[in-house]
Structure formats: C-alpha cells, structure tokens
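Novice: I have a structure here, written as structure tokens, and I will follow up with some questions on it.
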Amino acid sequence: MNGDDKGQGDGFIRALSFLSQIGVTIIACIAVGILLGRLLDSLLGTTPWLLLVFTLLGIVAAFKSIFDIAKKQ
C-alpha cells in the first residue's frame, strides 16, 4: 500500500464522517423539538400546537446547523 492509497482512504473516512455528522445533527435537532413540544403540550394542555411549533423549530435548527457545518468545512 503506497502513500497515495492511504490518502484516498483518509478522504473516504472524512466524507463518511461528514455525512454521518449531518445525519446525526438532523435527527437530534428534530428529536429535541418533538420531545420538548410533547412535554410542554402535556404540561400545558395545548395539544398539538406546541408539538407542531417545536417540531418546525427543530427542522429550522437542523437546517441552520447543516449550513454551519458546511461553512466550516
């Protein structure tokens, strides 16, 4: 295995890491929004409004995080 092959392997690992970071970020942002919305709905009796609001906020936060990650790369 020469040095060129190792460079290709490193590039693949970096790309895989980047894609998995994006996936985890999307899931985490939306999941936090859903969980927070459900919790507040159950406490305040506003079903389903806060769930919808916080789910949308989670989606917006996911897109913002993706743009921040892409800008950093």
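By convention here, the chains of the structure tokens are called A, B, ... in the order presented, each chain's residues are numbered starting at 1, and ligands are numbered starting at 1 in the order presented.
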What lies within 10 Å of region 54-63 of chain A using only C-alpha atoms, ignoring chain neighbours under 6 positions off, as a PyMOL selection string?
Specialist: chain A and resi 22-38+40+69
Novice: Figure out the distance between CA of Gly9 (chain A) and CA of Ser65 (chain A), please, to one decimal in Å.
Specialist: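 Answer for the CA of Ser65 (chain A) to CA of Gly9 (chain A) separation: 26.8 Å.
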Novice: Could you please determine the separation between CA of Asp68 (chain A) and CA of Leu39 (chain A) in Å, to one decimal place?
Specialist: 28.2 Å
